[in-house]
file run12.cif (mmCIF, N, CA and C atoms)
data_query
loop_
_atom_site.label_atom_id
_atom_site.label_comp_id
_atom_site.auth_asym_id
_atom_site.auth_seq_id
_atom_site.Cartn_x
_atom_site.Cartn_y
_atom_site.Cartn_z
N MET E 1 4.43 3.62 -42.60
CA MET E 1 5.14 2.74 -41.68
C MET E 1 4.27 2.48 -40.46
N LEU E 2 4.51 1.35 -39.84
CA LEU E 2 3.68 0.94 -38.71
C LEU E 2 4.56 0.51 -37.55
N ASN E 3 4.29 1.03 -36.38
CA ASN E 3 4.97 0.64 -35.15
C ASN E 3 3.88 0.38 -34.12
N ARG E 4 3.46 -0.86 -34.00
CA ARG E 4 2.36 -1.24 -33.12
C ARG E 4 2.68 -2.57 -32.46
N VAL E 5 2.42 -2.68 -31.17
CA VAL E 5 2.65 -3.93 -30.46
C VAL E 5 1.49 -4.16 -29.48
N ILE E 6 1.08 -5.42 -29.34
CA ILE E 6 0.06 -5.81 -28.38
C ILE E 6 0.63 -6.98 -27.59
N LEU E 7 0.63 -6.85 -26.27
CA LEU E 7 1.21 -7.86 -25.39
C LEU E 7 0.20 -8.22 -24.30
N ILE E 8 0.20 -9.49 -23.90
CA ILE E 8 -0.58 -9.94 -22.75
C ILE E 8 0.38 -10.66 -21.83
N GLY E 9 0.41 -10.24 -20.58
CA GLY E 9 1.31 -10.85 -19.62
C GLY E 9 1.01 -10.39 -18.21
N ARG E 10 1.89 -10.77 -17.29
CA ARG E 10 1.73 -10.43 -15.88
C ARG E 10 2.85 -9.49 -15.43
N LEU E 11 2.50 -8.55 -14.55
CA LEU E 11 3.48 -7.63 -14.01
C LEU E 11 4.47 -8.38 -13.13
N THR E 12 5.75 -8.09 -13.28
CA THR E 12 6.78 -8.74 -12.47
C THR E 12 7.01 -8.01 -11.15
N ARG E 13 6.52 -6.77 -11.07
CA ARG E 13 6.64 -5.97 -9.84
C ARG E 13 5.61 -4.86 -9.91
N ASP E 14 5.39 -4.18 -8.79
CA ASP E 14 4.47 -3.04 -8.78
C ASP E 14 5.04 -1.93 -9.67
N PRO E 15 4.18 -1.18 -10.36
CA PRO E 15 4.66 -0.06 -11.18
C PRO E 15 5.34 1.01 -10.32
N GLU E 16 6.33 1.67 -10.90
CA GLU E 16 7.01 2.79 -10.24
C GLU E 16 6.51 4.08 -10.89
N LEU E 17 5.92 4.97 -10.09
CA LEU E 17 5.39 6.23 -10.59
C LEU E 17 6.38 7.35 -10.27
N ARG E 18 6.74 8.10 -11.30
CA ARG E 18 7.60 9.28 -11.15
C ARG E 18 6.98 10.41 -11.94
N TYR E 19 7.45 11.62 -11.66
CA TYR E 19 7.00 12.78 -12.40
C TYR E 19 8.22 13.47 -13.01
N THR E 20 8.09 13.88 -14.27
CA THR E 20 9.17 14.60 -14.93
C THR E 20 9.27 16.00 -14.33
N SER E 21 10.31 16.73 -14.69
CA SER E 21 10.50 18.07 -14.14
C SER E 21 9.36 19.02 -14.52
N ASN E 22 8.66 18.73 -15.61
CA ASN E 22 7.51 19.57 -15.99
C ASN E 22 6.18 19.01 -15.48
N GLY E 23 6.23 18.00 -14.59
CA GLY E 23 5.03 17.50 -13.93
C GLY E 23 4.29 16.39 -14.65
N ASN E 24 4.86 15.84 -15.71
CA ASN E 24 4.21 14.75 -16.46
C ASN E 24 4.44 13.42 -15.74
N ALA E 25 3.36 12.68 -15.48
CA ALA E 25 3.47 11.38 -14.80
C ALA E 25 4.08 10.34 -15.73
N GLN E 26 4.89 9.46 -15.13
CA GLN E 26 5.51 8.35 -15.87
C GLN E 26 5.49 7.12 -14.97
N ALA E 27 4.79 6.07 -15.40
CA ALA E 27 4.78 4.81 -14.66
C ALA E 27 5.56 3.78 -15.46
N ARG E 28 6.48 3.10 -14.79
CA ARG E 28 7.29 2.05 -15.42
C ARG E 28 6.99 0.73 -14.73
N PHE E 29 6.85 -0.33 -15.56
CA PHE E 29 6.69 -1.67 -15.03
C PHE E 29 7.20 -2.65 -16.06
N THR E 30 7.40 -3.89 -15.63
CA THR E 30 7.88 -4.93 -16.53
C THR E 30 6.79 -5.99 -16.66
N LEU E 31 6.58 -6.41 -17.90
CA LEU E 31 5.57 -7.41 -18.21
C LEU E 31 6.25 -8.72 -18.57
N ALA E 32 5.87 -9.82 -17.90
CA ALA E 32 6.37 -11.15 -18.24
C ALA E 32 5.39 -11.76 -19.23
N VAL E 33 5.89 -12.07 -20.44
CA VAL E 33 5.06 -12.61 -21.52
C VAL E 33 5.57 -14.01 -21.86
N ASP E 34 4.72 -15.02 -21.68
CA ASP E 34 5.11 -16.40 -21.96
C ASP E 34 5.44 -16.59 -23.44
N ARG E 35 6.44 -17.40 -23.69
CA ARG E 35 6.77 -17.80 -25.06
C ARG E 35 5.86 -18.95 -25.46
N ASP E 36 5.72 -19.18 -26.77
CA ASP E 36 4.81 -20.21 -27.28
C ASP E 36 5.35 -21.62 -27.17
N PHE E 37 6.58 -21.79 -26.75
CA PHE E 37 7.21 -23.11 -26.75
C PHE E 37 7.86 -23.36 -25.40
N THR E 38 8.26 -24.61 -25.16
CA THR E 38 8.95 -24.96 -23.93
C THR E 38 10.43 -25.22 -24.24
N ASN E 39 11.27 -25.12 -23.21
CA ASN E 39 12.69 -25.39 -23.40
C ASN E 39 12.96 -26.90 -23.34
N GLN E 40 14.21 -27.30 -23.38
CA GLN E 40 14.57 -28.72 -23.40
C GLN E 40 14.14 -29.46 -22.14
N GLN E 41 13.96 -28.72 -21.03
CA GLN E 41 13.50 -29.34 -19.79
C GLN E 41 11.98 -29.39 -19.71
N GLY E 42 11.30 -28.93 -20.76
CA GLY E 42 9.84 -28.95 -20.78
C GLY E 42 9.20 -27.78 -20.05
N GLU E 43 9.99 -26.77 -19.69
CA GLU E 43 9.48 -25.61 -18.98
C GLU E 43 9.20 -24.47 -19.95
N ARG E 44 8.16 -23.74 -19.67
CA ARG E 44 7.81 -22.58 -20.49
C ARG E 44 8.66 -21.40 -20.03
N GLU E 45 9.26 -20.70 -20.98
CA GLU E 45 10.06 -19.52 -20.68
C GLU E 45 9.24 -18.27 -20.95
N ALA E 46 9.75 -17.13 -20.51
CA ALA E 46 9.05 -15.86 -20.69
C ALA E 46 10.04 -14.79 -21.12
N ASP E 47 9.52 -13.79 -21.79
CA ASP E 47 10.28 -12.57 -22.08
C ASP E 47 9.83 -11.51 -21.09
N PHE E 48 10.75 -10.68 -20.64
CA PHE E 48 10.47 -9.63 -19.67
C PHE E 48 10.61 -8.29 -20.38
N ILE E 49 9.48 -7.63 -20.58
CA ILE E 49 9.42 -6.47 -21.47
C ILE E 49 9.12 -5.21 -20.65
N PRO E 50 10.01 -4.20 -20.74
CA PRO E 50 9.77 -2.95 -20.01
C PRO E 50 8.68 -2.11 -20.68
N ILE E 51 7.75 -1.61 -19.86
CA ILE E 51 6.62 -0.81 -20.33
C ILE E 51 6.67 0.55 -19.65
N VAL E 52 6.32 1.59 -20.41
CA VAL E 52 6.21 2.95 -19.87
C VAL E 52 4.83 3.48 -20.21
N ALA E 53 4.12 3.99 -19.20
CA ALA E 53 2.82 4.62 -19.41
C ALA E 53 2.93 6.07 -18.94
N TRP E 54 2.49 7.00 -19.76
CA TRP E 54 2.65 8.43 -19.50
C TRP E 54 1.33 9.08 -19.11
N GLY E 55 1.43 10.21 -18.44
CA GLY E 55 0.28 11.06 -18.14
C GLY E 55 -0.75 10.39 -17.26
N LYS E 56 -2.02 10.64 -17.57
CA LYS E 56 -3.13 10.09 -16.78
C LYS E 56 -3.11 8.56 -16.80
N LEU E 57 -2.77 7.96 -17.95
CA LEU E 57 -2.67 6.51 -18.03
C LEU E 57 -1.62 6.00 -17.04
N GLY E 58 -0.49 6.67 -16.94
CA GLY E 58 0.55 6.29 -15.99
C GLY E 58 0.06 6.32 -14.55
N GLU E 59 -0.69 7.36 -14.21
CA GLU E 59 -1.23 7.46 -12.85
C GLU E 59 -2.24 6.35 -12.56
N ILE E 60 -3.11 6.06 -13.53
CA ILE E 60 -4.11 5.00 -13.35
C ILE E 60 -3.41 3.65 -13.17
N VAL E 61 -2.42 3.38 -14.00
CA VAL E 61 -1.67 2.13 -13.92
C VAL E 61 -0.99 2.01 -12.55
N ALA E 62 -0.32 3.07 -12.13
CA ALA E 62 0.42 3.03 -10.86
C ALA E 62 -0.50 2.82 -9.65
N HIS E 63 -1.70 3.36 -9.71
CA HIS E 63 -2.61 3.27 -8.57
C HIS E 63 -3.48 2.01 -8.58
N ASN E 64 -3.51 1.28 -9.70
CA ASN E 64 -4.42 0.13 -9.80
C ASN E 64 -3.76 -1.21 -10.07
N LEU E 65 -2.52 -1.22 -10.51
CA LEU E 65 -1.87 -2.49 -10.84
C LEU E 65 -0.86 -2.88 -9.78
N VAL E 66 -0.71 -4.18 -9.58
CA VAL E 66 0.26 -4.72 -8.64
C VAL E 66 0.95 -5.92 -9.28
N LYS E 67 2.03 -6.32 -8.67
CA LYS E 67 2.77 -7.49 -9.13
C LYS E 67 1.84 -8.68 -9.32
N GLY E 68 1.99 -9.39 -10.45
CA GLY E 68 1.21 -10.59 -10.72
C GLY E 68 -0.07 -10.36 -11.50
N ARG E 69 -0.50 -9.13 -11.64
CA ARG E 69 -1.76 -8.81 -12.33
C ARG E 69 -1.65 -9.06 -13.82
N LEU E 70 -2.66 -9.69 -14.42
CA LEU E 70 -2.71 -9.98 -15.85
C LEU E 70 -3.28 -8.78 -16.59
N VAL E 71 -2.53 -8.28 -17.60
CA VAL E 71 -2.97 -7.13 -18.38
C VAL E 71 -2.64 -7.32 -19.86
N ALA E 72 -3.34 -6.57 -20.69
CA ALA E 72 -3.01 -6.44 -22.10
C ALA E 72 -2.52 -5.01 -22.30
N VAL E 73 -1.41 -4.86 -22.99
CA VAL E 73 -0.83 -3.55 -23.26
C VAL E 73 -0.76 -3.36 -24.76
N GLU E 74 -1.23 -2.22 -25.23
CA GLU E 74 -1.09 -1.86 -26.64
C GLU E 74 -0.26 -0.59 -26.69
N GLY E 75 0.73 -0.57 -27.59
CA GLY E 75 1.57 0.61 -27.67
C GLY E 75 2.55 0.56 -28.82
N LYS E 76 3.65 1.29 -28.65
CA LYS E 76 4.67 1.42 -29.68
C LYS E 76 6.03 1.05 -29.10
N ILE E 77 6.88 0.43 -29.91
CA ILE E 77 8.25 0.14 -29.51
C ILE E 77 9.07 1.41 -29.61
N SER E 78 9.84 1.68 -28.57
CA SER E 78 10.71 2.84 -28.54
C SER E 78 12.14 2.36 -28.27
N VAL E 79 13.07 2.73 -29.14
CA VAL E 79 14.47 2.36 -28.98
C VAL E 79 15.27 3.65 -28.89
N ARG E 80 16.11 3.76 -27.86
CA ARG E 80 16.96 4.94 -27.69
C ARG E 80 18.34 4.50 -27.24
N SER E 81 19.29 5.38 -27.36
CA SER E 81 20.65 5.06 -26.93
C SER E 81 21.22 6.22 -26.14
N TYR E 82 22.27 5.91 -25.37
CA TYR E 82 22.97 6.93 -24.59
C TYR E 82 24.40 6.49 -24.39
N GLU E 83 25.26 7.45 -24.02
CA GLU E 83 26.66 7.17 -23.71
C GLU E 83 26.77 6.79 -22.24
N ALA E 84 27.32 5.62 -21.96
CA ALA E 84 27.49 5.17 -20.58
C ALA E 84 28.63 5.94 -19.92
N LYS E 85 28.58 6.08 -18.61
CA LYS E 85 29.62 6.80 -17.87
C LYS E 85 30.99 6.16 -18.06
N GLU E 86 31.01 4.81 -18.13
CA GLU E 86 32.27 4.10 -18.30
C GLU E 86 32.67 3.97 -19.77
N GLY E 87 31.93 4.65 -20.63
CA GLY E 87 32.23 4.62 -22.06
C GLY E 87 31.39 3.61 -22.80
N GLY E 88 31.21 3.83 -24.07
CA GLY E 88 30.42 2.92 -24.90
C GLY E 88 28.97 3.33 -24.98
N ARG E 89 28.35 2.95 -26.03
CA ARG E 89 26.94 3.26 -26.27
C ARG E 89 26.06 2.15 -25.72
N ARG E 90 25.00 2.53 -25.02
CA ARG E 90 24.02 1.59 -24.49
C ARG E 90 22.69 1.83 -25.21
N TRP E 91 21.97 0.73 -25.47
CA TRP E 91 20.68 0.79 -26.13
C TRP E 91 19.59 0.35 -25.17
N VAL E 92 18.47 1.05 -25.20
CA VAL E 92 17.33 0.75 -24.34
C VAL E 92 16.09 0.61 -25.22
N THR E 93 15.35 -0.47 -25.01
CA THR E 93 14.10 -0.69 -25.73
C THR E 93 12.95 -0.75 -24.73
N ASP E 94 11.92 0.05 -24.95
CA ASP E 94 10.72 0.10 -24.11
C ASP E 94 9.50 -0.02 -25.00
N ILE E 95 8.38 -0.32 -24.38
CA ILE E 95 7.08 -0.20 -25.02
C ILE E 95 6.40 1.01 -24.39
N ASN E 96 6.06 2.01 -25.20
CA ASN E 96 5.29 3.15 -24.73
C ASN E 96 3.81 2.79 -24.87
N ALA E 97 3.15 2.61 -23.72
CA ALA E 97 1.76 2.14 -23.71
C ALA E 97 0.81 3.24 -24.15
N ASP E 98 -0.08 2.88 -25.07
CA ASP E 98 -1.19 3.75 -25.46
C ASP E 98 -2.44 3.37 -24.69
N SER E 99 -2.58 2.08 -24.38
CA SER E 99 -3.72 1.62 -23.59
C SER E 99 -3.32 0.39 -22.80
N VAL E 100 -4.00 0.22 -21.68
CA VAL E 100 -3.78 -0.93 -20.80
C VAL E 100 -5.14 -1.49 -20.43
N LYS E 101 -5.32 -2.78 -20.65
CA LYS E 101 -6.58 -3.45 -20.32
C LYS E 101 -6.33 -4.39 -19.16
N PHE E 102 -7.05 -4.20 -18.07
CA PHE E 102 -6.94 -5.07 -16.90
C PHE E 102 -7.77 -6.31 -17.19
N LEU E 103 -7.13 -7.47 -17.23
CA LEU E 103 -7.81 -8.69 -17.65
C LEU E 103 -8.35 -9.53 -16.51
N GLU E 104 -8.12 -9.10 -15.29
CA GLU E 104 -8.71 -9.81 -14.14
C GLU E 104 -8.85 -8.83 -12.99
N PRO E 105 -9.73 -9.12 -12.04
CA PRO E 105 -9.91 -8.23 -10.90
C PRO E 105 -8.65 -8.16 -10.05
N LYS E 106 -8.59 -7.17 -9.17
CA LYS E 106 -7.41 -6.96 -8.33
C LYS E 106 -6.99 -8.21 -7.58
N GLY E 107 -7.93 -8.98 -7.07
CA GLY E 107 -7.60 -10.17 -6.28
C GLY E 107 -7.44 -11.43 -7.10
N GLY E 108 -7.44 -11.33 -8.42
CA GLY E 108 -7.38 -12.52 -9.28
C GLY E 108 -8.79 -12.93 -9.67
N PHE E 109 -8.92 -13.94 -10.51
CA PHE E 109 -10.24 -14.38 -10.94
C PHE E 109 -11.02 -14.95 -9.78
N SER E 110 -12.28 -14.60 -9.73
CA SER E 110 -13.19 -15.24 -8.79
C SER E 110 -14.24 -15.97 -9.61
N SER E 111 -14.73 -17.06 -9.12
CA SER E 111 -15.65 -17.87 -9.92
C SER E 111 -17.01 -17.21 -10.09
N GLY E 112 -17.37 -16.29 -9.21
CA GLY E 112 -18.69 -15.69 -9.30
C GLY E 112 -18.72 -14.42 -10.12
N ASN E 113 -18.01 -13.40 -9.70
CA ASN E 113 -18.08 -12.09 -10.32
C ASN E 113 -17.00 -11.97 -11.38
N ARG E 114 -17.41 -11.86 -12.65
CA ARG E 114 -16.44 -11.79 -13.74
C ARG E 114 -16.64 -10.52 -14.56
N ASP E 115 -17.02 -9.40 -13.93
CA ASP E 115 -17.24 -8.19 -14.71
C ASP E 115 -16.32 -7.06 -14.26
N ASP E 116 -15.10 -7.38 -13.85
CA ASP E 116 -14.17 -6.37 -13.37
C ASP E 116 -13.11 -5.98 -14.39
N SER E 117 -13.26 -6.34 -15.65
CA SER E 117 -12.29 -5.99 -16.67
C SER E 117 -12.44 -4.53 -17.04
N SER E 118 -11.33 -3.81 -17.14
CA SER E 118 -11.35 -2.38 -17.44
C SER E 118 -10.29 -2.05 -18.46
N SER E 119 -10.54 -0.98 -19.23
CA SER E 119 -9.57 -0.49 -20.20
C SER E 119 -9.26 0.96 -19.90
N PHE E 120 -8.00 1.32 -20.09
CA PHE E 120 -7.58 2.70 -19.97
C PHE E 120 -6.64 2.98 -21.13
N GLY E 121 -6.75 4.17 -21.69
CA GLY E 121 -5.86 4.48 -22.79
C GLY E 121 -5.89 5.94 -23.15
N ASP E 122 -5.08 6.31 -24.14
CA ASP E 122 -4.99 7.71 -24.52
C ASP E 122 -6.12 8.13 -25.44
N LYS E 123 -7.00 7.24 -25.78
CA LYS E 123 -8.14 7.59 -26.63
C LYS E 123 -9.23 8.18 -25.75
N GLY E 124 -8.90 9.24 -25.03
CA GLY E 124 -9.84 9.90 -24.14
C GLY E 124 -9.59 9.56 -22.68
N ASN E 125 -8.73 8.62 -22.36
CA ASN E 125 -8.45 8.20 -21.00
C ASN E 125 -9.72 7.87 -20.23
N ASN E 126 -10.67 7.27 -20.89
CA ASN E 126 -11.94 6.93 -20.27
C ASN E 126 -11.89 5.56 -19.64
N PHE E 127 -12.69 5.38 -18.62
CA PHE E 127 -12.89 4.06 -18.03
C PHE E 127 -13.93 3.36 -18.86
N GLU E 128 -13.66 2.12 -19.24
CA GLU E 128 -14.62 1.32 -19.99
C GLU E 128 -14.73 -0.04 -19.30
N SER E 129 -15.92 -0.43 -18.96
CA SER E 129 -16.14 -1.76 -18.41
C SER E 129 -16.64 -2.65 -19.53
N SER E 130 -15.97 -3.79 -19.73
CA SER E 130 -16.34 -4.65 -20.85
C SER E 130 -17.49 -5.60 -20.51
N GLY E 131 -17.78 -5.77 -19.22
CA GLY E 131 -18.89 -6.64 -18.84
C GLY E 131 -18.51 -8.10 -18.72
N ASP E 132 -17.25 -8.47 -18.98
CA ASP E 132 -16.80 -9.84 -18.78
C ASP E 132 -15.34 -9.81 -18.37
N ASP E 133 -14.69 -10.93 -18.39
CA ASP E 133 -13.30 -10.97 -17.94
C ASP E 133 -12.32 -10.47 -19.00
N GLY E 134 -12.81 -10.11 -20.20
CA GLY E 134 -11.97 -9.53 -21.23
C GLY E 134 -11.21 -10.54 -22.07
N LEU E 135 -11.23 -11.80 -21.71
CA LEU E 135 -10.44 -12.77 -22.44
C LEU E 135 -10.99 -13.04 -23.82
N ASP E 136 -12.28 -12.78 -24.04
CA ASP E 136 -12.85 -12.95 -25.38
C ASP E 136 -12.66 -11.71 -26.23
N GLU E 137 -12.12 -10.65 -25.66
CA GLU E 137 -11.98 -9.39 -26.37
C GLU E 137 -10.52 -9.04 -26.58
N VAL E 138 -9.67 -10.00 -26.79
CA VAL E 138 -8.27 -9.71 -27.05
C VAL E 138 -8.21 -8.82 -28.28
N PRO E 139 -7.46 -7.71 -28.23
CA PRO E 139 -7.55 -6.69 -29.28
C PRO E 139 -6.85 -7.02 -30.58
N PHE E 140 -6.66 -8.28 -30.93
CA PHE E 140 -6.06 -8.62 -32.23
C PHE E 140 -6.71 -9.83 -32.80
#
call {"tool": "encode", "arguments": {"input": "run12.cif", "output": "structure tokens"}}
result
Amino acid sequence: MLNRVILIGRLTRDPELRYTSNGNAQARFTLAVDRDFTNQQGEREADFIPIVAWGKLGEIVAHNLVKGRLVAVEGKISVRSYEAKEGGRRWVTDINADSVKFLEPKGGFSSGNRDDSSSFGDKGNNFESSGDDGLDEVPF
């Protein structure tokens, strides 16, 4: 079986960094991903997808990403449920990030310097510089 997702979008707000009771970092943010089509008014709509990054990746994301930043996220879909206080079952769907690729520099694209693309992930949590803006290296 396969549970894999790759998304490219912009952060809707700054990531929120929290630590679990055992000290594990957890960064949460929402990614706005454009749909491939326009609505009846000719406007492009977006899906707003909750992302969770754990451990060192969560700390890196929280300290380096801000609202509006373009990123690629690779991870797994996680669906869980709980009993609401007022009764009834609630379902929550998140993407648990395995890696996050920063697709533009902190200040947005600049016409001169285009080598600020970086990748972070659980495959060693290493910093990797791609040497370009990363748009030619979409991971699919």
call {"tool": "closest_residue", "arguments": {"input": "run12.cif", "among": "E:Ser99, E:Gln41, E:Thr93, E:Thr30", "to": "Asp14 of chain E", "atoms": "all atoms listed in the file"}}
result
E:Thr30
call {"tool": "residues_around", "arguments": {"input": "run12.cif", "residues": "Arg69 of chain E", "least_positions_apart": "5", "cutoff": "6 Å", "atoms": "only N, CA and C atoms", "output": "count of residues only"}}
result
3
call {"tool": "atom_distance", "arguments": {"input": "run12.cif", "atom1": "atom C of Lys56 of chain E", "atom2": "atom C of Ala72 of chain E"}}
result
14.7 Å
call {"tool": "atom_distance", "arguments": {"input": "run12.cif", "atom1": "atom CA of Asn64 of chain E", "atom2": "atom C of Thr20 of chain E"}}
result
21.4 Å
call {"tool": "resolve_selection", "arguments": {"input": "run12.cif", "expression": "the PyMOL selection byres (((chain E and resi 48-54 and name CA) around 9) and name CA)", "output": "ChimeraX atom specification"}}
result
/E:12,24-34,46-47,55-59,61,73,93-100
call {"tool": "atom_distance", "arguments": {"input": "run12.cif", "atom1": "atom CA of Gly75 of chain E", "atom2": "atom N of Ile6 of chain E"}}
result
6.3 Å
call {"tool": "axis_aligned_box", "arguments": {"input": "run12.cif", "around": "segment 83-91 of chain E", "padding_each_side": "5 Å", "output": "JSON"}}
result
{"center_x": 26.1, "center_y": 3.9, "center_z": -22.1, "size_x": 23.1, "size_y": 17.1, "size_z": 18.4}
call {"tool": "residues_around", "arguments": {"input": "run12.cif", "residues": "Arg4 of chain E", "least_positions_apart": "6", "cutoff": "8 Å", "atoms": "all atoms listed in the file", "output": "JSON, numbers by chain"}}
result
{"E": [74, 75, 76, 77]}
call {"tool": "residues_around", "arguments": {"input": "run12.cif", "residues": "Tyr82 of chain E", "least_positions_apart": "5", "cutoff": "7 Å", "atoms": "all atoms listed in the file", "output": "PyMOL selection string"}}
result
chain E and resi 88-92
